[in-house]
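Everything on this sheet refers to the single structure shown next.
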Amino acid sequence: MVSVYRKYVEMILLYVGMPIFILFTYKEIPLLLILMILGILIYIFLKKDKSFDKSIFKKFKIEKSELKRILFVFTVSVIAMVFLIYFIDKNRMFFLLRNRPWFLLIISIFYPIFSVITQTLAYRVFFFHRYSSLFKNKYIQIIVSAAFFSFAHILYKNLFVLLLTFVAGLIFSYTYYNNKSFLVSFLEHSLYGIWLFASGLGMFFVSSFVK
C-alpha cells in the first residue's frame with residue numbers, strides 16, 4: 001500500500017520535475033528519446049501493477065452518445081483553431097497543406113507514435129490510475145491532469161501554448177475519464193494534434209523550440 005505522501009511526491013516529481021528537467025536538457029538529450037523511455041517505463045509499470053485494469057489498453061467500445069459528444073467537441077475545436085490562426089496570422093493558415101503536404105503527412109504518421117502514445121499513457125492512463133484517489137471528485141482530477149499536461153509544454157516558452165494545451169488537456173482528460181480507454185484517448189489526441197499542425201497553429205509548438 002503506497003502512502004498518500006509518497007504519491008504526492010511522485011506526482012510532483014513526474015509532472016513538475018520532469019518538464020523542468022526537459023526544459024534545461026532538451027538541447028543535450030533528444031526530446032523524442034526522453035518521451036520514448038518515459039512511455040516504455042510507464043507501460044511496463046502498468047503491465048506489472050496487479051491493481052491496474054489491463055483491459056484499458058484493449059477497450060475500444062464507446063457509447064453512441066459519447067461518440068456524438070466527442071465528434072461535436074472536435075468539430076467546434078476545428079472551427080475555433082481556424083479562427084484563431086486567421087486572426088493571429090492568416091498567412092500561416094493551412095501553411096503545411098498548401099506548401100509542404102508531404103511534411104504534414106510525416107507528422108500525421110510519426111507524431112502519434114512518438115509523442116501521443118507517451119502523453120496518453122502519462123497524463124491520462126497512469127495519472128488517473130495512480131493519483132485519482134488524491135482528489136475529491138472527477139472534476140478536480142480532470143483539471144489537475146489538464147494543468148500538468150499544459151505544464152509539460154513549458155519548453156516552448158509561450159503562454160498561448162500553455163493556454164491551448166490546458167484546454168486540450170481538459171477535453172482529453174474528460175474523454176478518458178468517461179471511457180477509460182487508451183485507444184479512444186490516443187485517437188482523440190492524435191486527431192487534435194494533426195489538425196493543429198494542418199491549421200497552422202502548429203507553428204507555436206515548433207518556432208521557439210527550433211530557435
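Chain lettering (A, B, ...) mirrors the order of the C-alpha cells, residue numbering begins at 1 for each chain separately, and ligand numbering begins at 1 in order of display.
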Sorted per-residue table, segment 113-170 of chain A near segment 1-9 of chain A, closest atoms and distance, 12 Å, only C-alpha atoms, as a tab-separated table:
residue	atom	partner	partner_atom	distance
A:Phe127	CA	A:Lys7	CA	10.7
A:His129	CA	A:Lys7	CA	11.5
A:Arg130	CA	A:Lys7	CA	7.8
A:Tyr131	CA	A:Lys7	CA	6.9
A:Ser132	CA	A:Lys7	CA	10.3
A:Ser133	CA	A:Val4	CA	8.8
A:Leu134	CA	A:Val4	CA	7.2
A:Phe135	CA	A:Tyr8	CA	10.8
Near-Phe83 of chain A list (12 Å; only C-alpha atoms; drop same-chain fewer than 5 positions) as a ChimeraX atom specification: /A:76-78,88-90,92-94,199-201
Restricting it to C-alpha atoms, dump the selection as a tab-separated table (two decimals), in the first residue's frame.
chain	number	residue	atom	x	y	z
A	76	VAL	CA	-16.18	23.06	-32.60
A	77	SER	CA	-12.45	22.88	-31.84
A	78	VAL	CA	-11.58	22.55	-35.53
A	88	ILE	CA	-3.20	35.60	-35.32
A	89	ASP	CA	-1.52	35.24	-38.70
A	90	LYS	CA	-3.74	34.40	-41.68
A	92	ARG	CA	0.13	30.84	-41.78
A	93	MET	CA	-3.32	29.33	-42.25
A	94	PHE	CA	-3.02	25.81	-43.71
A	199	SER	CA	-4.48	24.55	-39.49
A	200	GLY	CA	-1.22	26.41	-38.96
A	201	LEU	CA	-1.28	26.70	-35.17
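Closest approach to Tyr192 of chain A among A:Leu155, A:Leu71, A:Val125, A:Ile142 is made by A:Leu71 (distances from only C-alpha atoms).
Among A:Trp102, A:Phe126, A:Tyr156, A:Phe95, the residue with the shortest atom-to-atom distance to Asp49 of chain A, counting only C-alpha atoms, is A:Phe126.
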Enumerate the residues of segment 8-184 of chain A with a DSSP assignment of helix (DSSP H, G or I), computed from the backbone, and present them as a short mmCIF file (atom, residue, chain, number, x, y, z; two decimals) with N, CA and C atoms, in the first residue's frame.
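Contents of out.cif, freshly written:
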data_model
loop_
_atom_site.label_atom_id
_atom_site.label_comp_id
_atom_site.auth_asym_id
_atom_site.auth_seq_id
_atom_site.Cartn_x
_atom_site.Cartn_y
_atom_site.Cartn_z
N TYR A 8 2.00 11.92 -3.54
CA TYR A 8 2.13 13.35 -3.84
C TYR A 8 3.54 13.68 -4.32
N VAL A 9 4.53 13.10 -3.66
CA VAL A 9 5.93 13.33 -4.04
C VAL A 9 6.19 12.81 -5.45
N GLU A 10 5.73 11.60 -5.71
CA GLU A 10 5.86 11.01 -7.05
C GLU A 10 5.23 11.91 -8.11
N MET A 11 4.03 12.34 -7.84
CA MET A 11 3.26 13.13 -8.79
C MET A 11 3.98 14.45 -9.12
N ILE A 12 4.48 15.11 -8.09
CA ILE A 12 5.19 16.38 -8.30
C ILE A 12 6.48 16.15 -9.08
N LEU A 13 7.20 15.10 -8.74
CA LEU A 13 8.46 14.81 -9.44
C LEU A 13 8.20 14.51 -10.92
N LEU A 14 7.17 13.74 -11.19
CA LEU A 14 6.88 13.33 -12.56
C LEU A 14 6.31 14.47 -13.39
N TYR A 15 5.33 15.16 -12.84
CA TYR A 15 4.58 16.13 -13.65
C TYR A 15 5.07 17.58 -13.52
N VAL A 16 5.93 17.83 -12.55
CA VAL A 16 6.54 19.16 -12.44
C VAL A 16 8.05 19.06 -12.64
N GLY A 17 8.66 18.12 -11.93
CA GLY A 17 10.11 17.95 -12.05
C GLY A 17 10.58 17.54 -13.44
N MET A 18 9.87 16.59 -14.04
CA MET A 18 10.27 16.10 -15.37
C MET A 18 10.23 17.20 -16.44
N PRO A 19 9.14 17.98 -16.56
CA PRO A 19 9.13 19.06 -17.55
C PRO A 19 10.25 20.09 -17.33
N ILE A 20 10.55 20.39 -16.07
CA ILE A 20 11.63 21.34 -15.77
C ILE A 20 12.97 20.74 -16.19
N PHE A 21 13.14 19.45 -15.92
CA PHE A 21 14.37 18.76 -16.34
C PHE A 21 14.52 18.81 -17.86
N ILE A 22 13.43 18.55 -18.57
CA ILE A 22 13.45 18.58 -20.04
C ILE A 22 13.75 19.99 -20.55
N LEU A 23 13.19 20.99 -19.87
CA LEU A 23 13.40 22.39 -20.26
C LEU A 23 14.88 22.74 -20.30
N PHE A 24 15.64 22.20 -19.36
CA PHE A 24 17.06 22.55 -19.27
C PHE A 24 17.98 21.55 -19.95
N THR A 25 17.43 20.44 -20.45
CA THR A 25 18.31 19.42 -21.04
C THR A 25 17.96 19.01 -22.47
N LEU A 31 14.53 15.09 -27.17
CA LEU A 31 13.21 15.03 -26.55
C LEU A 31 12.52 13.71 -26.87
N LEU A 32 12.64 13.27 -28.11
CA LEU A 32 11.98 12.02 -28.51
C LEU A 32 12.50 10.83 -27.71
N LEU A 33 13.80 10.86 -27.40
CA LEU A 33 14.39 9.78 -26.61
C LEU A 33 13.80 9.76 -25.20
N ILE A 34 13.66 10.94 -24.61
CA ILE A 34 13.06 11.05 -23.28
C ILE A 34 11.62 10.54 -23.29
N LEU A 35 10.86 10.95 -24.32
CA LEU A 35 9.46 10.53 -24.42
C LEU A 35 9.35 9.02 -24.59
N MET A 36 10.21 8.45 -25.41
CA MET A 36 10.16 7.00 -25.64
C MET A 36 10.49 6.23 -24.37
N ILE A 37 11.53 6.66 -23.66
CA ILE A 37 11.93 5.98 -22.42
C ILE A 37 10.82 6.10 -21.38
N LEU A 38 10.27 7.30 -21.25
CA LEU A 38 9.18 7.52 -20.28
C LEU A 38 7.97 6.65 -20.61
N GLY A 39 7.61 6.60 -21.89
CA GLY A 39 6.47 5.80 -22.31
C GLY A 39 6.66 4.32 -22.02
N ILE A 40 7.85 3.83 -22.30
CA ILE A 40 8.16 2.41 -22.07
C ILE A 40 8.10 2.09 -20.58
N LEU A 41 8.70 2.95 -19.76
CA LEU A 41 8.72 2.72 -18.31
C LEU A 41 7.31 2.72 -17.72
N ILE A 42 6.49 3.66 -18.15
CA ILE A 42 5.11 3.72 -17.65
C ILE A 42 4.33 2.49 -18.07
N TYR A 43 4.50 2.08 -19.32
CA TYR A 43 3.80 0.90 -19.82
C TYR A 43 4.19 -0.34 -19.03
N ILE A 44 5.48 -0.52 -18.78
CA ILE A 44 5.96 -1.67 -18.01
C ILE A 44 5.39 -1.65 -16.59
N PHE A 45 5.39 -0.47 -15.99
CA PHE A 45 4.85 -0.34 -14.64
C PHE A 45 3.37 -0.75 -14.59
N LEU A 46 2.61 -0.25 -15.54
CA LEU A 46 1.17 -0.54 -15.57
C LEU A 46 0.91 -2.03 -15.83
N LYS A 47 1.69 -2.63 -16.70
CA LYS A 47 1.51 -4.05 -17.01
C LYS A 47 1.81 -4.93 -15.80
N LYS A 48 2.75 -4.49 -14.96
CA LYS A 48 3.13 -5.27 -13.80
C LYS A 48 2.28 -4.96 -12.57
N LYS A 54 -6.02 -4.05 -17.06
CA LYS A 54 -5.31 -4.17 -18.35
C LYS A 54 -6.24 -4.02 -19.55
N SER A 55 -7.54 -4.18 -19.34
CA SER A 55 -8.48 -4.06 -20.46
C SER A 55 -8.52 -2.62 -21.00
N ILE A 56 -8.01 -1.68 -20.22
CA ILE A 56 -7.97 -0.29 -20.65
C ILE A 56 -7.16 -0.14 -21.95
N PHE A 57 -6.15 -0.98 -22.11
CA PHE A 57 -5.31 -0.92 -23.31
C PHE A 57 -6.03 -1.45 -24.55
N LYS A 64 -22.82 5.49 -27.98
CA LYS A 64 -23.18 6.35 -29.11
C LYS A 64 -23.25 7.81 -28.70
N SER A 65 -23.83 8.08 -27.53
CA SER A 65 -23.96 9.46 -27.05
C SER A 65 -22.59 10.08 -26.79
N GLU A 66 -21.67 9.24 -26.30
CA GLU A 66 -20.32 9.72 -26.02
C GLU A 66 -19.56 10.01 -27.31
N LEU A 67 -19.76 9.17 -28.30
CA LEU A 67 -19.13 9.39 -29.60
C LEU A 67 -19.63 10.69 -30.23
N LYS A 68 -20.93 10.93 -30.11
CA LYS A 68 -21.50 12.18 -30.63
C LYS A 68 -20.90 13.39 -29.92
N ARG A 69 -20.73 13.28 -28.60
CA ARG A 69 -20.14 14.38 -27.84
C ARG A 69 -18.70 14.65 -28.30
N ILE A 70 -17.93 13.59 -28.45
CA ILE A 70 -16.52 13.73 -28.87
C ILE A 70 -16.43 14.38 -30.24
N LEU A 71 -17.27 13.94 -31.17
CA LEU A 71 -17.25 14.49 -32.53
C LEU A 71 -17.72 15.95 -32.56
N PHE A 72 -18.71 16.26 -31.72
CA PHE A 72 -19.21 17.64 -31.64
C PHE A 72 -18.12 18.57 -31.11
N VAL A 73 -17.48 18.17 -30.02
CA VAL A 73 -16.42 19.00 -29.42
C VAL A 73 -15.26 19.15 -30.40
N PHE A 74 -14.94 18.08 -31.11
CA PHE A 74 -13.85 18.15 -32.09
C PHE A 74 -14.20 19.11 -33.22
N THR A 75 -15.43 19.05 -33.69
CA THR A 75 -15.88 19.95 -34.77
C THR A 75 -15.79 21.41 -34.34
N VAL A 76 -16.26 21.70 -33.13
CA VAL A 76 -16.18 23.06 -32.60
C VAL A 76 -14.72 23.49 -32.47
N SER A 77 -13.87 22.58 -32.02
CA SER A 77 -12.45 22.88 -31.84
C SER A 77 -11.77 23.13 -33.18
N VAL A 78 -12.13 22.37 -34.19
CA VAL A 78 -11.58 22.55 -35.53
C VAL A 78 -11.87 23.96 -36.04
N ILE A 79 -13.12 24.38 -35.89
CA ILE A 79 -13.53 25.72 -36.33
C ILE A 79 -12.81 26.79 -35.51
N ALA A 80 -12.72 26.57 -34.19
CA ALA A 80 -12.07 27.53 -33.31
C ALA A 80 -10.59 27.71 -33.67
N MET A 81 -9.91 26.61 -34.00
CA MET A 81 -8.49 26.68 -34.36
C MET A 81 -8.29 27.45 -35.67
N VAL A 82 -9.22 27.27 -36.60
CA VAL A 82 -9.13 28.01 -37.88
C VAL A 82 -9.29 29.50 -37.63
N PHE A 83 -10.26 29.88 -36.79
CA PHE A 83 -10.46 31.29 -36.47
C PHE A 83 -9.24 31.86 -35.75
N LEU A 84 -8.66 31.07 -34.84
CA LEU A 84 -7.50 31.53 -34.09
C LEU A 84 -6.33 31.85 -35.01
N ILE A 85 -5.99 30.92 -35.89
CA ILE A 85 -4.85 31.15 -36.78
C ILE A 85 -5.15 32.26 -37.77
N TYR A 86 -6.41 32.42 -38.15
CA TYR A 86 -6.77 33.50 -39.08
C TYR A 86 -6.51 34.87 -38.44
N PHE A 87 -6.91 35.03 -37.19
CA PHE A 87 -6.74 36.31 -36.52
C PHE A 87 -5.31 36.54 -36.03
N ILE A 88 -4.59 35.46 -35.77
CA ILE A 88 -3.20 35.60 -35.32
C ILE A 88 -2.26 35.88 -36.49
N ASP A 89 -2.38 35.07 -37.52
CA ASP A 89 -1.52 35.24 -38.70
C ASP A 89 -2.14 34.45 -39.85
N LYS A 90 -3.01 35.10 -40.63
CA LYS A 90 -3.74 34.40 -41.68
C LYS A 90 -2.83 33.86 -42.77
N ASN A 91 -1.62 34.41 -42.89
CA ASN A 91 -0.68 33.90 -43.88
C ASN A 91 -0.18 32.50 -43.53
N ARG A 92 -0.30 32.16 -42.25
CA ARG A 92 0.13 30.84 -41.78
C ARG A 92 -0.99 29.79 -41.88
N PHE A 95 -0.65 26.38 -43.79
CA PHE A 95 0.66 26.53 -44.44
C PHE A 95 1.20 25.20 -44.94
N LEU A 96 1.18 24.18 -44.07
CA LEU A 96 1.72 22.89 -44.47
C LEU A 96 0.89 22.23 -45.57
N LEU A 97 -0.42 22.37 -45.47
CA LEU A 97 -1.29 21.81 -46.51
C LEU A 97 -1.01 22.44 -47.87
N ARG A 98 -0.75 23.74 -47.87
CA ARG A 98 -0.55 24.47 -49.12
C ARG A 98 0.87 24.34 -49.67
N ASN A 99 1.84 24.23 -48.75
CA ASN A 99 3.23 24.29 -49.19
C ASN A 99 4.03 23.01 -48.99
N PRO A 101 2.69 19.50 -48.04
CA PRO A 101 1.77 18.43 -47.66
C PRO A 101 2.48 17.13 -47.27
N TRP A 102 3.63 16.89 -47.88
CA TRP A 102 4.40 15.68 -47.56
C TRP A 102 4.90 15.72 -46.11
N PHE A 103 5.24 16.93 -45.64
CA PHE A 103 5.73 17.08 -44.27
C PHE A 103 4.57 16.89 -43.27
N LEU A 104 3.39 17.37 -43.66
CA LEU A 104 2.21 17.16 -42.83
C LEU A 104 1.89 15.67 -42.73
N LEU A 105 2.09 14.95 -43.83
CA LEU A 105 1.86 13.50 -43.84
C LEU A 105 2.83 12.80 -42.88
N ILE A 106 4.08 13.24 -42.89
CA ILE A 106 5.08 12.67 -41.99
C ILE A 106 4.69 12.92 -40.54
N ILE A 107 4.25 14.15 -40.25
CA ILE A 107 3.80 14.50 -38.90
C ILE A 107 2.61 13.62 -38.49
N SER A 108 1.68 13.43 -39.42
CA SER A 108 0.47 12.65 -39.14
C SER A 108 0.79 11.20 -38.81
N ILE A 109 1.91 10.71 -39.31
CA ILE A 109 2.31 9.32 -39.05
C ILE A 109 3.13 9.20 -37.78
N PHE A 110 4.15 10.05 -37.65
CA PHE A 110 5.11 9.88 -36.57
C PHE A 110 4.75 10.62 -35.27
N TYR A 111 4.01 11.72 -35.37
CA TYR A 111 3.61 12.44 -34.16
C TYR A 111 2.79 11.56 -33.21
N PRO A 112 1.78 10.83 -33.70
CA PRO A 112 1.03 9.96 -32.78
C PRO A 112 1.91 8.87 -32.16
N ILE A 113 2.81 8.30 -32.97
CA ILE A 113 3.63 7.18 -32.49
C ILE A 113 4.63 7.63 -31.43
N PHE A 114 5.37 8.69 -31.72
CA PHE A 114 6.47 9.08 -30.85
C PHE A 114 6.11 10.11 -29.78
N SER A 115 4.93 10.70 -29.86
CA SER A 115 4.57 11.71 -28.88
C SER A 115 3.25 11.40 -28.17
N VAL A 116 2.20 11.14 -28.94
CA VAL A 116 0.87 10.97 -28.35
C VAL A 116 0.77 9.73 -27.47
N ILE A 117 1.42 8.65 -27.86
CA ILE A 117 1.35 7.42 -27.06
C ILE A 117 1.84 7.69 -25.64
N THR A 118 3.02 8.30 -25.52
CA THR A 118 3.58 8.59 -24.20
C THR A 118 2.72 9.57 -23.42
N GLN A 119 2.23 10.62 -24.10
CA GLN A 119 1.40 11.62 -23.42
C GLN A 119 0.09 11.01 -22.92
N THR A 120 -0.49 10.12 -23.72
CA THR A 120 -1.72 9.45 -23.30
C THR A 120 -1.47 8.55 -22.09
N LEU A 121 -0.37 7.83 -22.13
CA LEU A 121 -0.01 6.97 -21.01
C LEU A 121 0.24 7.78 -19.74
N ALA A 122 1.03 8.84 -19.87
CA ALA A 122 1.46 9.60 -18.70
C ALA A 122 0.37 10.47 -18.11
N TYR A 123 -0.34 11.21 -18.95
CA TYR A 123 -1.26 12.23 -18.45
C TYR A 123 -2.71 11.77 -18.32
N ARG A 124 -2.98 10.57 -18.77
CA ARG A 124 -4.33 10.05 -18.59
C ARG A 124 -4.34 8.66 -17.98
N VAL A 125 -3.81 7.68 -18.67
CA VAL A 125 -3.88 6.30 -18.14
C VAL A 125 -3.18 6.18 -16.79
N PHE A 126 -1.92 6.58 -16.72
CA PHE A 126 -1.17 6.47 -15.47
C PHE A 126 -1.68 7.43 -14.41
N PHE A 127 -1.94 8.68 -14.81
CA PHE A 127 -2.39 9.68 -13.84
C PHE A 127 -3.67 9.25 -13.14
N PHE A 128 -4.69 8.86 -13.90
CA PHE A 128 -5.97 8.51 -13.29
C PHE A 128 -5.91 7.20 -12.51
N HIS A 129 -5.02 6.31 -12.91
CA HIS A 129 -4.87 5.06 -12.17
C HIS A 129 -4.14 5.29 -10.85
N ARG A 130 -3.08 6.04 -10.93
CA ARG A 130 -2.18 6.18 -9.78
C ARG A 130 -2.60 7.27 -8.79
N TYR A 131 -3.13 8.37 -9.30
CA TYR A 131 -3.31 9.55 -8.44
C TYR A 131 -4.75 10.04 -8.28
N SER A 132 -5.70 9.38 -8.89
CA SER A 132 -7.10 9.84 -8.79
C SER A 132 -7.60 9.84 -7.36
N SER A 133 -7.07 8.93 -6.54
CA SER A 133 -7.53 8.84 -5.14
C SER A 133 -7.10 10.04 -4.31
N LEU A 134 -6.20 10.86 -4.83
CA LEU A 134 -5.72 12.03 -4.09
C LEU A 134 -6.69 13.21 -4.17
N LYS A 138 -14.22 13.94 -9.73
CA LYS A 138 -13.68 13.77 -11.08
C LYS A 138 -13.27 15.09 -11.71
N TYR A 139 -13.96 16.16 -11.38
CA TYR A 139 -13.66 17.45 -11.99
C TYR A 139 -12.30 17.98 -11.54
N ILE A 140 -11.97 17.77 -10.27
CA ILE A 140 -10.65 18.17 -9.79
C ILE A 140 -9.58 17.31 -10.45
N GLN A 141 -9.85 16.02 -10.58
CA GLN A 141 -8.91 15.13 -11.25
C GLN A 141 -8.64 15.59 -12.68
N ILE A 142 -9.70 15.92 -13.39
CA ILE A 142 -9.59 16.34 -14.78
C ILE A 142 -8.82 17.66 -14.89
N ILE A 143 -9.11 18.59 -14.01
CA ILE A 143 -8.43 19.90 -14.03
C ILE A 143 -6.94 19.74 -13.72
N VAL A 144 -6.62 18.93 -12.71
CA VAL A 144 -5.21 18.72 -12.34
C VAL A 144 -4.47 18.03 -13.48
N SER A 145 -5.09 17.02 -14.07
CA SER A 145 -4.49 16.33 -15.20
C SER A 145 -4.21 17.30 -16.34
N ALA A 146 -5.18 18.17 -16.63
CA ALA A 146 -5.03 19.16 -17.70
C ALA A 146 -3.93 20.17 -17.37
N ALA A 147 -3.84 20.57 -16.11
CA ALA A 147 -2.82 21.53 -15.69
C ALA A 147 -1.42 20.93 -15.85
N PHE A 148 -1.26 19.68 -15.47
CA PHE A 148 0.03 19.00 -15.64
C PHE A 148 0.37 18.83 -17.13
N PHE A 149 -0.64 18.50 -17.91
CA PHE A 149 -0.44 18.34 -19.36
C PHE A 149 0.02 19.66 -19.97
N SER A 150 -0.59 20.74 -19.54
CA SER A 150 -0.20 22.07 -20.03
C SER A 150 1.22 22.40 -19.60
N PHE A 151 1.55 22.14 -18.34
CA PHE A 151 2.88 22.45 -17.82
C PHE A 151 3.97 21.68 -18.55
N ILE A 154 6.08 23.65 -21.20
CA ILE A 154 6.80 24.88 -20.85
C ILE A 154 8.05 25.09 -21.69
N LEU A 155 8.59 24.02 -22.27
CA LEU A 155 9.80 24.18 -23.07
C LEU A 155 9.57 25.07 -24.29
N TYR A 156 8.30 25.26 -24.68
CA TYR A 156 8.02 26.14 -25.81
C TYR A 156 8.01 27.61 -25.40
N LEU A 159 3.02 31.50 -23.56
CA LEU A 159 1.80 31.46 -22.76
C LEU A 159 0.61 30.95 -23.56
N PHE A 160 0.55 31.30 -24.84
CA PHE A 160 -0.54 30.84 -25.69
C PHE A 160 -0.56 29.31 -25.80
N VAL A 161 0.63 28.72 -25.90
CA VAL A 161 0.75 27.26 -25.95
C VAL A 161 0.24 26.64 -24.66
N LEU A 162 0.58 27.25 -23.53
CA LEU A 162 0.13 26.73 -22.23
C LEU A 162 -1.39 26.80 -22.11
N LEU A 163 -1.98 27.88 -22.56
CA LEU A 163 -3.44 28.02 -22.51
C LEU A 163 -4.12 27.02 -23.44
N LEU A 164 -3.57 26.90 -24.64
CA LEU A 164 -4.14 25.98 -25.63
C LEU A 164 -4.07 24.54 -25.15
N THR A 165 -2.94 24.15 -24.58
CA THR A 165 -2.78 22.77 -24.11
C THR A 165 -3.59 22.50 -22.85
N PHE A 166 -3.86 23.55 -22.07
CA PHE A 166 -4.72 23.35 -20.89
C PHE A 166 -6.14 23.02 -21.32
N VAL A 167 -6.65 23.76 -22.30
CA VAL A 167 -7.99 23.48 -22.83
C VAL A 167 -8.02 22.09 -23.45
N ALA A 168 -6.99 21.76 -24.22
CA ALA A 168 -6.92 20.43 -24.84
C ALA A 168 -6.86 19.36 -23.76
N GLY A 169 -6.10 19.63 -22.71
CA GLY A 169 -6.00 18.67 -21.61
C GLY A 169 -7.33 18.40 -20.94
N LEU A 170 -8.14 19.44 -20.80
CA LEU A 170 -9.48 19.27 -20.23
C LEU A 170 -10.33 18.34 -21.11
N ILE A 171 -10.25 18.56 -22.41
CA ILE A 171 -11.02 17.75 -23.37
C ILE A 171 -10.57 16.29 -23.32
N PHE A 172 -9.25 16.08 -23.39
CA PHE A 172 -8.71 14.71 -23.41
C PHE A 172 -8.99 13.98 -22.11
N SER A 173 -8.79 14.66 -20.99
CA SER A 173 -8.98 14.02 -19.68
C SER A 173 -10.44 13.69 -19.42
N TYR A 174 -11.32 14.57 -19.86
CA TYR A 174 -12.76 14.32 -19.68
C TYR A 174 -13.17 13.08 -20.48
N THR A 175 -12.67 12.99 -21.70
CA THR A 175 -12.98 11.82 -22.53
C THR A 175 -12.44 10.54 -21.91
N TYR A 176 -11.20 10.61 -21.43
CA TYR A 176 -10.60 9.41 -20.82
C TYR A 176 -11.36 9.01 -19.56
N TYR A 177 -11.72 9.97 -18.74
CA TYR A 177 -12.43 9.66 -17.51
C TYR A 177 -13.75 8.95 -17.82
N ASN A 178 -14.42 9.39 -18.86
CA ASN A 178 -15.72 8.82 -19.22
C ASN A 178 -15.61 7.43 -19.83
N ASN A 179 -14.51 7.17 -20.53
CA ASN A 179 -14.41 5.93 -21.30
C ASN A 179 -13.37 4.93 -20.79
N PHE A 182 -7.55 3.60 -23.50
CA PHE A 182 -6.31 4.15 -24.04
C PHE A 182 -6.48 4.48 -25.52
N LEU A 183 -7.10 3.58 -26.27
CA LEU A 183 -7.23 3.75 -27.72
C LEU A 183 -8.08 4.96 -28.08
N VAL A 184 -9.20 5.14 -27.38
CA VAL A 184 -10.07 6.29 -27.65
C VAL A 184 -9.33 7.59 -27.36
#
Find the residues near segment 202-205 of chain A: any atom within 8 Å, counting only C-alpha atoms, skip ones fewer than 4 places away on the same chain, and give them as an mmCIF file with N, CA and C atoms, in the first residue's frame.
data_model
loop_
_atom_site.group_PDB
_atom_site.id
_atom_site.type_symbol
_atom_site.label_atom_id
_atom_site.label_comp_id
_atom_site.auth_asym_id
_atom_site.auth_seq_id
_atom_site.Cartn_x
_atom_site.Cartn_y
_atom_site.Cartn_z
ATOM 1 N N TYR A 156 8.305 25.257 -24.684
ATOM 2 C CA TYR A 156 8.015 26.140 -25.813
ATOM 3 C C TYR A 156 8.011 27.613 -25.401
ATOM 4 N N ASN A 158 5.884 29.745 -24.201
ATOM 5 C CA ASN A 158 4.836 30.524 -24.855
ATOM 6 C C ASN A 158 3.541 30.378 -24.067
ATOM 7 N N VAL A 161 0.632 28.724 -25.902
ATOM 8 C CA VAL A 161 0.750 27.262 -25.954
ATOM 9 C C VAL A 161 0.237 26.641 -24.661
ATOM 10 N N LEU A 196 -4.057 20.549 -35.514
ATOM 11 C CA LEU A 196 -3.313 21.704 -35.027
ATOM 12 C C LEU A 196 -2.238 22.101 -36.040
ATOM 13 N N PHE A 197 -1.488 21.108 -36.521
ATOM 14 C CA PHE A 197 -0.433 21.372 -37.498
ATOM 15 C C PHE A 197 -1.020 21.709 -38.869
ATOM 16 N N ALA A 198 -2.110 21.052 -39.233
ATOM 17 C CA ALA A 198 -2.731 21.316 -40.533
ATOM 18 C C ALA A 198 -3.285 22.734 -40.601
ATOM 19 N N PHE A 209 10.912 26.373 -30.094
ATOM 20 C CA PHE A 209 11.687 25.164 -29.835
ATOM 21 C C PHE A 209 12.865 25.093 -30.811
#
A straight line from atom CA of Ser51 of chain A to atom CA of Glu188 of chain A spans 25.9 Å
